[in-house]
Amino acid sequence: MDKEEILRLQTYLREKFGNDAIHLLEEGRKDKLVLVNLGDEFIGTIYRDDEDGGVSYDFNMAILDVDLPASGA
């Protein structure tokens, strides 16, 4: 992804989630992948899929069970 595309995605996510602390960073090794940070914390990845004549983006966020609040909270 080029810088313009990354900025467009970042703007979309900031508006969608109402959070200007979302930052997208180039992964460096793969041109179809960017890293998603919330402030200084890495929270996921976005992959670009440009097969079948269209472009789509896949946001992946792993949530560990140890990061969830305790039951009944």
# chains A, B, ... in the order shown; residues from 1 in each chain; ligands from 1
$ residues_around --residues "region 3-14 of chain A" --least-positions-apart "5" --cutoff "8 Å" --atoms "only C-alpha atoms" --output "PyMOL selection string"
chain A and resi 19-25+34
$ write_last_selection --atoms "C-alpha atoms" --output "PDB file, in the first residue's frame"
ATOM      1  CA  ASN A  19     -10.574   7.840  18.066  1.00  0.00           C
ATOM      2  CA  ASP A  20      -7.668   9.946  16.779  1.00  0.00           C
ATOM      3  CA  ALA A  21      -5.174   7.726  18.638  1.00  0.00           C
ATOM      4  CA  ILE A  22      -5.412   5.119  15.840  1.00  0.00           C
ATOM      5  CA  HIS A  23      -2.229   5.073  13.763  1.00  0.00           C
ATOM      6  CA  LEU A  24      -1.367   2.871  10.796  1.00  0.00           C
ATOM      7  CA  LEU A  25       2.264   1.960  10.188  1.00  0.00           C
ATOM      8  CA  VAL A  34      -0.063  -2.380   7.621  1.00  0.00           C
TER       9      VAL A  34
END
$ select_by_dssp --residues "chain A" --states "strand (DSSP E or B)" --output "list in words"
Ile22, His23, Leu24, Leu25, Glu26, Leu33, Val34, Leu35, Val36, Asn37, Leu38, Glu41, Phe42, Ile43, Gly44, Thr45, Ile46, Tyr47, Arg48, Asp49, Ser56, Tyr57, Asp58, Phe59 and Asn60 of chain A
$ closest_residue --among "A:Gly18, A:Met61, A:Gly72, A:Glu51" --to "Leu35 (chain A)" --atoms "only C-alpha atoms"
A:Met61
$ closest_residue --among "A:Arg29, A:Ala62, A:Gly54, A:Asp67" --to "Phe42 (chain A)" --atoms "only C-alpha atoms"
A:Ala62
$ select_by_dssp --residues "chain A" --states "helix (DSSP H, G or I)" --output "list in words"
Lys3, Glu4, Glu5, Ile6, Leu7, Arg8, Leu9, Gln10, Thr11, Tyr12, Leu13, Arg14, Glu15, Lys16, Phe17, Asp65, Val66 and Asp67 of chain A
$ write_last_selection --atoms "C-alpha atoms" --output "PDB file, in the first residue's frame"
ATOM      1  CA  LYS A   3       1.223   6.315   1.821  1.00  0.00           C
ATOM      2  CA  GLU A   4      -1.973   7.885   0.423  1.00  0.00           C
ATOM      3  CA  GLU A   5      -3.897   4.629   0.729  1.00  0.00           C
ATOM      4  CA  ILE A   6      -2.628   4.130   4.291  1.00  0.00           C
ATOM      5  CA  LEU A   7      -3.696   7.664   5.249  1.00  0.00           C
ATOM      6  CA  ARG A   8      -7.158   7.097   3.730  1.00  0.00           C
ATOM      7  CA  LEU A   9      -7.542   3.905   5.784  1.00  0.00           C
ATOM      8  CA  GLN A  10      -6.320   5.656   8.936  1.00  0.00           C
ATOM      9  CA  THR A  11      -8.804   8.493   8.431  1.00  0.00           C
ATOM     10  CA  TYR A  12     -11.622   5.990   7.897  1.00  0.00           C
ATOM     11  CA  LEU A  13     -10.796   4.059  11.082  1.00  0.00           C
ATOM     12  CA  ARG A  14     -10.429   7.230  13.161  1.00  0.00           C
ATOM     13  CA  GLU A  15     -13.829   8.460  11.987  1.00  0.00           C
ATOM     14  CA  LYS A  16     -15.523   5.044  12.309  1.00  0.00           C
ATOM     15  CA  PHE A  17     -14.275   4.468  15.887  1.00  0.00           C
ATOM     16  CA  ASP A  65      -8.416 -14.000  27.180  1.00  0.00           C
ATOM     17  CA  VAL A  66      -5.981 -12.689  29.820  1.00  0.00           C
ATOM     18  CA  ASP A  67      -6.729  -9.154  28.611  1.00  0.00           C
TER      19      ASP A  67
END
$ residues_around --residues "Ile63 (chain A)" --least-positions-apart "5" --cutoff "12 Å" --atoms "only C-alpha atoms" --output "short mmCIF file (atom, residue, chain, number, x, y, z; two decimals) with N, CA and C atoms, in the first residue's frame"
data_model
loop_
_atom_site.label_atom_id
_atom_site.label_comp_id
_atom_site.auth_asym_id
_atom_site.auth_seq_id
_atom_site.Cartn_x
_atom_site.Cartn_y
_atom_site.Cartn_z
N PHE A 42 0.20 -1.92 19.90
CA PHE A 42 -0.16 -2.65 18.69
C PHE A 42 -1.45 -3.41 18.94
N ILE A 43 -2.44 -3.23 18.05
CA ILE A 43 -3.72 -3.92 18.26
C ILE A 43 -4.12 -4.82 17.10
N GLY A 44 -3.46 -4.70 15.94
CA GLY A 44 -3.87 -5.57 14.84
C GLY A 44 -3.17 -5.25 13.54
N LEU A 68 -9.06 -9.75 28.94
CA LEU A 68 -10.47 -9.48 29.21
C LEU A 68 -10.71 -9.22 30.69
N PRO A 69 -11.74 -8.40 31.00
CA PRO A 69 -12.06 -8.19 32.42
C PRO A 69 -12.55 -9.48 33.06
#
$ closest_residue --among "A:Thr45, A:Ser71, A:Glu27, A:Asn37" --to "Phe59 (chain A)" --atoms "only C-alpha atoms"
A:Thr45
$ atom_distance --atom1 "CA of Glu26 (chain A)" --atom2 "CA of Asp2 (chain A)"
8.8 Å
$ atom_distance --atom1 "CA of Asp52 (chain A)" --atom2 "CA of Lys32 (chain A)"
15.6 Å
$ atom_distance --atom1 "CA of Asp49 (chain A)" --atom2 "CA of Val36 (chain A)"
16.7 Å
$ closest_residue --among "A:Met1, A:Leu64, A:Ala70, A:Val55" --to "Gly28 (chain A)" --atoms "only C-alpha atoms"
A:Met1
